[in-house]
file upload.cif (mmCIF, N, CA and C atoms)
data_work
#
loop_
_atom_site.label_atom_id
_atom_site.label_comp_id
_atom_site.auth_asym_id
_atom_site.auth_seq_id
_atom_site.Cartn_x
_atom_site.Cartn_y
_atom_site.Cartn_z
N MET J 776 5.12 2.39 -63.82
CA MET J 776 5.58 3.39 -62.89
C MET J 776 4.43 4.14 -62.23
N GLY J 777 3.28 4.10 -62.82
CA GLY J 777 2.13 4.77 -62.26
C GLY J 777 1.67 4.10 -60.97
N GLN J 778 1.89 2.79 -60.88
CA GLN J 778 1.48 2.07 -59.68
C GLN J 778 2.38 2.40 -58.49
N VAL J 779 3.62 2.65 -58.74
CA VAL J 779 4.54 2.96 -57.66
C VAL J 779 4.12 4.25 -56.96
N SER J 780 3.78 5.27 -57.69
CA SER J 780 3.35 6.52 -57.06
C SER J 780 2.00 6.35 -56.37
N PHE J 781 1.13 5.49 -56.92
CA PHE J 781 -0.15 5.21 -56.28
C PHE J 781 0.07 4.54 -54.93
N LEU J 782 1.01 3.57 -54.86
CA LEU J 782 1.31 2.90 -53.59
C LEU J 782 1.95 3.88 -52.61
N ASP J 783 2.79 4.75 -53.09
CA ASP J 783 3.40 5.75 -52.22
C ASP J 783 2.34 6.69 -51.64
N ALA J 784 1.41 7.09 -52.44
CA ALA J 784 0.34 7.97 -51.98
C ALA J 784 -0.53 7.26 -50.94
N GLU J 785 -0.80 5.98 -51.18
CA GLU J 785 -1.58 5.20 -50.22
C GLU J 785 -0.84 5.07 -48.89
N MET J 786 0.47 4.84 -48.97
CA MET J 786 1.26 4.69 -47.76
C MET J 786 1.31 6.01 -46.99
N VAL J 787 1.48 7.12 -47.67
CA VAL J 787 1.51 8.43 -47.02
C VAL J 787 0.16 8.72 -46.39
N LEU J 788 -0.93 8.41 -47.09
CA LEU J 788 -2.27 8.62 -46.53
C LEU J 788 -2.48 7.75 -45.29
N GLY J 789 -2.01 6.51 -45.33
CA GLY J 789 -2.11 5.61 -44.18
C GLY J 789 -1.32 6.14 -42.98
N LEU J 790 -0.11 6.64 -43.24
CA LEU J 790 0.70 7.21 -42.17
C LEU J 790 0.05 8.46 -41.58
N LEU J 791 -0.56 9.27 -42.41
CA LEU J 791 -1.26 10.45 -41.91
C LEU J 791 -2.44 10.06 -41.04
N LYS J 792 -3.16 9.03 -41.42
CA LYS J 792 -4.29 8.55 -40.61
C LYS J 792 -3.80 8.07 -39.25
N VAL J 793 -2.70 7.32 -39.23
CA VAL J 793 -2.13 6.84 -37.98
C VAL J 793 -1.70 8.01 -37.10
N ALA J 794 -1.07 9.02 -37.71
CA ALA J 794 -0.62 10.19 -36.95
C ALA J 794 -1.80 10.94 -36.35
N VAL J 795 -2.90 11.06 -37.10
CA VAL J 795 -4.08 11.77 -36.59
C VAL J 795 -4.70 10.99 -35.43
N VAL J 796 -4.80 9.69 -35.56
CA VAL J 796 -5.37 8.86 -34.50
C VAL J 796 -4.51 8.96 -33.24
N LEU J 797 -3.20 8.87 -33.39
CA LEU J 797 -2.30 8.98 -32.23
C LEU J 797 -2.39 10.37 -31.59
N ALA J 798 -2.50 11.41 -32.41
CA ALA J 798 -2.62 12.76 -31.87
C ALA J 798 -3.92 12.93 -31.10
N CYS J 799 -4.97 12.24 -31.52
CA CYS J 799 -6.25 12.31 -30.80
C CYS J 799 -6.23 11.47 -29.53
N LEU J 800 -5.52 10.36 -29.53
CA LEU J 800 -5.48 9.48 -28.37
C LEU J 800 -4.51 9.94 -27.30
N ALA J 801 -3.47 10.66 -27.66
CA ALA J 801 -2.44 11.05 -26.70
C ALA J 801 -3.01 11.85 -25.52
N PRO J 802 -3.82 12.89 -25.73
CA PRO J 802 -4.37 13.61 -24.57
C PRO J 802 -5.28 12.72 -23.71
N PHE J 803 -6.04 11.85 -24.34
CA PHE J 803 -6.90 10.94 -23.59
C PHE J 803 -6.08 10.04 -22.68
N VAL J 804 -5.01 9.48 -23.20
CA VAL J 804 -4.15 8.60 -22.41
C VAL J 804 -3.47 9.39 -21.29
N TYR J 805 -3.01 10.58 -21.58
CA TYR J 805 -2.34 11.42 -20.59
C TYR J 805 -3.27 11.74 -19.42
N TYR J 806 -4.46 12.25 -19.72
CA TYR J 806 -5.39 12.63 -18.66
C TYR J 806 -5.95 11.42 -17.92
N THR J 807 -6.11 10.32 -18.59
CA THR J 807 -6.56 9.10 -17.91
C THR J 807 -5.49 8.62 -16.92
N ALA J 808 -4.23 8.66 -17.31
CA ALA J 808 -3.15 8.25 -16.41
C ALA J 808 -3.06 9.18 -15.21
N ARG J 809 -3.23 10.49 -15.41
CA ARG J 809 -3.20 11.44 -14.29
C ARG J 809 -4.37 11.19 -13.34
N TRP J 810 -5.55 10.96 -13.88
CA TRP J 810 -6.73 10.68 -13.06
C TRP J 810 -6.52 9.40 -12.25
N TYR J 811 -6.02 8.36 -12.91
CA TYR J 811 -5.79 7.07 -12.24
C TYR J 811 -4.80 7.22 -11.10
N ALA J 812 -3.73 7.97 -11.33
CA ALA J 812 -2.73 8.18 -10.27
C ALA J 812 -3.32 8.98 -9.12
N ARG J 813 -4.12 9.98 -9.41
CA ARG J 813 -4.72 10.80 -8.37
C ARG J 813 -5.70 10.00 -7.53
N VAL J 814 -6.48 9.14 -8.16
CA VAL J 814 -7.46 8.34 -7.43
C VAL J 814 -6.77 7.36 -6.49
N HIS J 815 -5.68 6.78 -6.93
CA HIS J 815 -5.02 5.76 -6.12
C HIS J 815 -4.08 6.33 -5.07
N THR J 816 -3.70 7.59 -5.17
CA THR J 816 -2.86 8.17 -4.13
C THR J 816 -3.68 9.01 -3.15
N ALA J 817 -4.90 9.34 -3.49
CA ALA J 817 -5.73 10.16 -2.61
C ALA J 817 -6.07 9.43 -1.32
N ASN J 818 -6.27 8.14 -1.38
CA ASN J 818 -6.64 7.36 -0.21
C ASN J 818 -5.44 6.74 0.50
N SER J 819 -4.26 7.09 0.09
CA SER J 819 -3.06 6.49 0.66
C SER J 819 -2.77 7.09 2.04
N THR J 820 -2.45 6.23 2.99
CA THR J 820 -2.08 6.69 4.33
C THR J 820 -0.58 6.61 4.54
N VAL J 821 0.16 6.18 3.55
CA VAL J 821 1.61 6.06 3.63
C VAL J 821 2.23 7.17 2.79
N SER J 822 3.21 7.87 3.38
CA SER J 822 3.91 8.89 2.60
C SER J 822 5.40 8.82 2.89
N VAL J 823 6.19 9.01 1.86
CA VAL J 823 7.65 9.04 2.00
C VAL J 823 8.02 10.49 2.28
N ARG J 824 8.58 10.73 3.46
CA ARG J 824 8.92 12.09 3.88
C ARG J 824 10.29 12.50 3.37
N GLU J 825 11.22 11.56 3.31
CA GLU J 825 12.57 11.90 2.87
C GLU J 825 13.24 10.65 2.31
N ARG J 826 14.11 10.85 1.32
CA ARG J 826 14.86 9.75 0.71
C ARG J 826 16.31 10.19 0.60
N ILE J 827 17.19 9.38 1.17
CA ILE J 827 18.61 9.72 1.18
C ILE J 827 19.39 8.61 0.48
N PRO J 828 20.03 8.90 -0.65
CA PRO J 828 20.85 7.88 -1.31
C PRO J 828 22.15 7.65 -0.54
N LEU J 829 22.51 6.39 -0.37
CA LEU J 829 23.74 6.03 0.35
C LEU J 829 24.80 5.46 -0.57
N GLY J 830 24.44 5.19 -1.79
CA GLY J 830 25.36 4.60 -2.75
C GLY J 830 24.55 3.95 -3.85
N ALA J 831 25.20 3.08 -4.58
CA ALA J 831 24.53 2.39 -5.68
C ALA J 831 23.43 1.48 -5.14
N ASN J 832 22.19 1.80 -5.46
CA ASN J 832 21.02 0.99 -5.07
C ASN J 832 20.87 0.83 -3.56
N ARG J 833 21.26 1.82 -2.80
CA ARG J 833 21.10 1.81 -1.33
C ARG J 833 20.51 3.15 -0.91
N PHE J 834 19.42 3.07 -0.15
CA PHE J 834 18.72 4.29 0.26
C PHE J 834 18.23 4.19 1.69
N LEU J 835 18.12 5.34 2.34
CA LEU J 835 17.41 5.46 3.61
C LEU J 835 16.14 6.25 3.33
N TYR J 836 15.03 5.76 3.86
CA TYR J 836 13.75 6.43 3.70
C TYR J 836 13.18 6.77 5.07
N VAL J 837 12.56 7.93 5.18
CA VAL J 837 11.73 8.25 6.33
C VAL J 837 10.30 8.15 5.82
N VAL J 838 9.57 7.16 6.35
CA VAL J 838 8.22 6.86 5.89
C VAL J 838 7.25 7.16 7.02
N GLU J 839 6.17 7.86 6.69
CA GLU J 839 5.15 8.16 7.70
C GLU J 839 3.91 7.32 7.41
N TRP J 840 3.43 6.65 8.46
CA TRP J 840 2.24 5.81 8.35
C TRP J 840 1.53 5.78 9.69
N ALA J 841 0.26 6.04 9.70
CA ALA J 841 -0.60 5.99 10.89
C ALA J 841 -0.02 6.83 12.04
N GLY J 842 0.50 8.00 11.71
CA GLY J 842 1.02 8.89 12.75
C GLY J 842 2.40 8.53 13.25
N ASN J 843 3.00 7.51 12.71
CA ASN J 843 4.34 7.10 13.11
C ASN J 843 5.30 7.31 11.95
N ARG J 844 6.54 7.58 12.29
CA ARG J 844 7.59 7.69 11.27
C ARG J 844 8.56 6.54 11.44
N TYR J 845 8.95 5.96 10.33
CA TYR J 845 9.85 4.81 10.31
C TYR J 845 11.08 5.16 9.50
N LEU J 846 12.25 4.79 10.02
CA LEU J 846 13.49 4.91 9.28
C LEU J 846 13.74 3.56 8.64
N VAL J 847 13.75 3.52 7.30
CA VAL J 847 13.80 2.26 6.57
C VAL J 847 15.03 2.26 5.66
N ALA J 848 15.80 1.18 5.72
CA ALA J 848 16.95 1.00 4.84
C ALA J 848 16.54 0.05 3.71
N VAL J 849 16.86 0.43 2.47
CA VAL J 849 16.45 -0.35 1.31
C VAL J 849 17.66 -0.61 0.43
N THR J 850 17.86 -1.89 0.09
CA THR J 850 18.88 -2.29 -0.88
C THR J 850 18.22 -3.19 -1.92
N ASN J 851 19.02 -3.72 -2.83
CA ASN J 851 18.48 -4.64 -3.84
C ASN J 851 17.99 -5.93 -3.20
N GLN J 852 18.62 -6.36 -2.12
CA GLN J 852 18.30 -7.65 -1.52
C GLN J 852 17.33 -7.58 -0.35
N GLN J 853 17.23 -6.45 0.34
CA GLN J 853 16.39 -6.44 1.54
C GLN J 853 15.85 -5.06 1.85
N VAL J 854 14.83 -5.07 2.70
CA VAL J 854 14.24 -3.86 3.27
C VAL J 854 14.23 -4.06 4.77
N ALA J 855 14.79 -3.12 5.52
CA ALA J 855 14.88 -3.26 6.97
C ALA J 855 14.39 -2.00 7.66
N VAL J 856 13.54 -2.17 8.67
CA VAL J 856 13.10 -1.04 9.49
C VAL J 856 14.15 -0.84 10.57
N ILE J 857 14.80 0.31 10.55
CA ILE J 857 15.88 0.59 11.49
C ILE J 857 15.34 1.15 12.80
N ASP J 858 14.40 2.10 12.70
CA ASP J 858 13.87 2.73 13.91
C ASP J 858 12.47 3.24 13.65
N ARG J 859 11.74 3.49 14.74
CA ARG J 859 10.37 3.99 14.68
C ARG J 859 10.25 5.19 15.60
N HIS J 860 9.59 6.21 15.12
CA HIS J 860 9.37 7.43 15.90
C HIS J 860 7.86 7.67 15.91
N SER J 861 7.24 7.56 17.08
CA SER J 861 5.78 7.68 17.15
C SER J 861 5.36 9.11 17.37
N ALA J 862 4.10 9.38 17.11
CA ALA J 862 3.55 10.72 17.30
C ALA J 862 3.49 11.08 18.78
N ALA J 863 3.35 10.09 19.65
CA ALA J 863 3.30 10.35 21.09
C ALA J 863 4.61 10.93 21.60
N THR J 864 5.74 10.43 21.11
CA THR J 864 7.03 10.97 21.55
C THR J 864 7.28 12.32 20.93
N ALA J 865 6.69 12.60 19.77
CA ALA J 865 6.86 13.91 19.14
C ALA J 865 6.16 14.98 19.95
N SER J 866 5.02 14.65 20.55
CA SER J 866 4.30 15.66 21.34
C SER J 866 5.01 15.93 22.67
N THR J 867 5.80 14.99 23.17
CA THR J 867 6.51 15.22 24.43
C THR J 867 7.81 15.98 24.22
N GLN J 868 8.28 16.10 22.97
CA GLN J 868 9.52 16.83 22.70
C GLN J 868 9.32 18.33 22.70
N GLY J 869 8.11 18.78 22.65
CA GLY J 869 7.87 20.22 22.65
C GLY J 869 7.41 20.69 21.29
N GLU J 870 7.16 21.98 21.22
CA GLU J 870 6.63 22.54 20.00
C GLU J 870 7.68 23.31 19.23
N GLY J 871 8.93 23.00 19.39
CA GLY J 871 10.00 23.72 18.72
C GLY J 871 10.19 23.32 17.28
N GLY J 872 9.39 22.39 16.78
CA GLY J 872 9.53 21.95 15.40
C GLY J 872 10.76 21.11 15.18
N GLU J 873 11.23 20.44 16.22
CA GLU J 873 12.44 19.63 16.11
C GLU J 873 12.17 18.39 15.26
N GLN J 874 13.18 17.98 14.55
CA GLN J 874 13.11 16.76 13.77
C GLN J 874 13.43 15.58 14.68
N PRO J 875 12.85 14.40 14.40
CA PRO J 875 13.15 13.24 15.21
C PRO J 875 14.60 12.82 15.07
N SER J 876 15.17 12.34 16.16
CA SER J 876 16.59 11.95 16.13
C SER J 876 16.76 10.47 15.79
N PHE J 877 15.70 9.67 15.90
CA PHE J 877 15.75 8.23 15.64
C PHE J 877 16.80 7.53 16.46
N GLN J 878 17.02 7.99 17.68
CA GLN J 878 17.96 7.35 18.58
C GLN J 878 17.25 6.98 19.86
N ASN J 879 17.70 5.92 20.49
CA ASN J 879 17.09 5.48 21.77
C ASN J 879 17.71 6.18 22.94
#
call {"tool": "encode", "arguments": {"input": "upload.cif", "output": "C-alpha coordinates"}}
result
Amino acid sequence: MGQVSFLDAEMVLGLLKVAVVLACLAPFVYYTARWYARVHTANSTVSVRERIPLGANRFLYVVEWAGNRYLVAVTNQQVAVIDRHSAATASTQGEGGEQPSFQN
(Lines of atoms letter the chains of each structure in order from A and count residues from 1; the text may use other names and numbers.)
(Lines give C-alpha, C1' and ligand atoms only; values in the text may rest on other atoms or scores of the structure.)
Protein backbone atom coordinates (compact mmCIF):
# COMPACT_ATOMS: atom_id res chain seq x y z
CA MET A 1 0.00 0.00 0.00
CA GLY A 2 2.97 2.30 0.40
CA GLN A 3 3.58 2.22 -3.34
CA VAL A 4 0.08 3.36 -4.16
CA SER A 5 0.48 6.61 -2.21
CA PHE A 6 3.94 7.10 -3.75
CA LEU A 7 2.43 6.81 -7.25
CA ASP A 8 -0.36 9.19 -6.29
CA ALA A 9 2.14 11.73 -5.03
CA GLU A 10 4.16 11.40 -8.24
CA MET A 11 1.04 11.89 -10.33
CA VAL A 12 -0.01 14.97 -8.34
CA LEU A 13 3.50 16.41 -8.65
CA GLY A 14 3.44 15.76 -12.42
CA LEU A 15 0.06 17.47 -12.76
CA LEU A 16 1.32 20.46 -10.79
CA LYS A 17 4.34 20.74 -13.09
CA VAL A 18 2.06 20.67 -16.15
CA ALA A 19 -0.20 23.33 -14.60
CA VAL A 20 2.78 25.60 -13.87
CA VAL A 21 4.15 25.22 -17.40
CA LEU A 22 0.74 25.97 -18.92
CA ALA A 23 0.29 28.99 -16.64
CA CYS A 24 3.68 30.31 -17.80
CA LEU A 25 2.97 29.67 -21.49
CA ALA A 26 -0.56 31.09 -21.60
CA PRO A 27 0.44 34.80 -21.47
CA PHE A 28 3.17 34.19 -24.05
CA VAL A 29 0.70 32.57 -26.45
CA TYR A 30 -1.90 35.29 -25.84
CA TYR A 31 0.46 38.21 -26.50
CA THR A 32 2.07 36.48 -29.47
CA ALA A 33 -1.35 35.95 -31.07
CA ARG A 34 -2.27 39.62 -30.48
CA TRP A 35 1.03 40.80 -31.97
CA TYR A 36 0.62 38.51 -34.99
CA ALA A 37 -2.92 39.78 -35.63
CA ARG A 38 -1.84 43.41 -35.30
CA VAL A 39 1.08 42.98 -37.71
CA HIS A 40 -1.07 41.35 -40.37
CA THR A 41 -3.97 43.80 -40.16
CA ALA A 42 -1.85 46.96 -39.99
CA ASN A 43 -0.92 46.76 -43.67
CA SER A 44 -4.39 45.77 -44.82
CA THR A 45 -6.07 48.04 -47.37
CA VAL A 46 -9.38 46.17 -47.21
CA SER A 47 -11.92 46.92 -44.48
CA VAL A 48 -15.43 45.66 -43.87
CA ARG A 49 -17.57 48.72 -43.16
CA GLU A 50 -20.87 46.97 -42.47
CA ARG A 51 -22.27 43.44 -42.29
CA ILE A 52 -25.98 42.74 -42.58
CA PRO A 53 -27.34 39.22 -41.95
CA LEU A 54 -30.11 38.22 -44.37
CA GLY A 55 -30.82 34.76 -43.02
CA ALA A 56 -29.06 31.51 -42.37
CA ASN A 57 -25.54 31.82 -43.84
CA ARG A 58 -26.48 34.81 -46.04
CA PHE A 59 -24.93 38.24 -45.58
CA LEU A 60 -24.52 41.59 -47.28
CA TYR A 61 -21.18 43.30 -46.76
CA VAL A 62 -20.07 46.84 -47.50
CA VAL A 63 -16.34 46.48 -48.19
CA GLU A 64 -13.96 49.38 -48.70
CA TRP A 65 -10.85 48.89 -50.83
CA ALA A 66 -8.64 51.41 -52.64
CA GLY A 67 -11.07 54.27 -52.01
CA ASN A 68 -14.03 52.35 -53.42
CA ARG A 69 -16.91 50.73 -51.61
CA TYR A 70 -18.39 47.46 -52.80
CA LEU A 71 -21.73 45.91 -51.90
CA VAL A 72 -21.03 42.17 -51.69
CA ALA A 73 -23.51 39.32 -51.21
CA VAL A 74 -22.11 36.20 -49.54
CA THR A 75 -23.69 32.76 -49.19
CA ASN A 76 -22.31 29.27 -48.62
CA GLN A 77 -22.05 28.66 -52.36
CA GLN A 78 -21.01 32.02 -53.84
CA VAL A 79 -19.73 35.54 -53.40
CA ALA A 80 -21.16 38.21 -55.71
CA VAL A 81 -20.32 41.90 -56.09
CA ILE A 82 -23.68 43.64 -56.41
CA ASP A 83 -22.59 47.26 -56.77
CA ARG A 84 -19.58 49.57 -56.56
CA HIS A 85 -19.46 53.08 -55.15
CA SER A 86 -16.29 55.02 -55.97
CA ALA A 87 -14.71 57.87 -54.07
CA ALA A 88 -15.13 60.13 -57.11
CA THR A 89 -18.93 59.90 -56.95
CA ALA A 90 -18.83 60.47 -53.20
CA SER A 91 -17.10 63.82 -53.68
CA THR A 92 -19.75 64.94 -56.21
CA GLN A 93 -22.60 64.18 -53.79
CA GLY A 94 -21.61 66.99 -51.48
CA GLU A 95 -20.32 67.25 -47.98
CA GLY A 96 -23.54 66.38 -46.19
CA GLY A 97 -22.13 63.08 -44.94
CA GLU A 98 -24.66 61.13 -46.98
CA GLN A 99 -24.34 57.39 -47.19
CA PRO A 100 -24.03 55.80 -50.63
CA SER A 101 -27.29 54.57 -52.11
CA PHE A 102 -25.72 51.82 -54.28
CA GLN A 103 -28.26 52.52 -57.00
CA ASN A 104 -27.69 53.49 -60.62
call {"tool": "residues_around", "arguments": {"input": "upload.cif", "residues": "region 839-853 of chain J", "least_positions_apart": "2", "cutoff": "10 Å", "atoms": "only C-alpha atoms", "output": "NGL selection string"}}
result
:J and (819-837 or 855-865 or 875 or 877)
call {"tool": "atom_distance", "arguments": {"input": "upload.cif", "atom1": "atom C of Glu785 (chain J)", "atom2": "CA of Ala801 (chain J)"}}
result
23.0 Å
call {"tool": "atom_distance", "arguments": {"input": "upload.cif", "atom1": "atom N of Val854 (chain J)", "atom2": "atom N of Val838 (chain J)"}}
result
13.8 Å
call {"tool": "atom_distance", "arguments": {"input": "upload.cif", "atom1": "atom C of Ser780 (chain J)", "atom2": "CA of Ala794 (chain J)"}}
result
20.0 Å
call {"tool": "axis_aligned_box", "arguments": {"input": "upload.cif", "around": "region 821-839 of chain J", "padding_each_side": "8 Å", "output": "JSON"}}
result
{"center_x": 12.8, "center_y": 6.7, "center_z": 1.0, "size_x": 41.2, "size_y": 27.7, "size_z": 29.4}
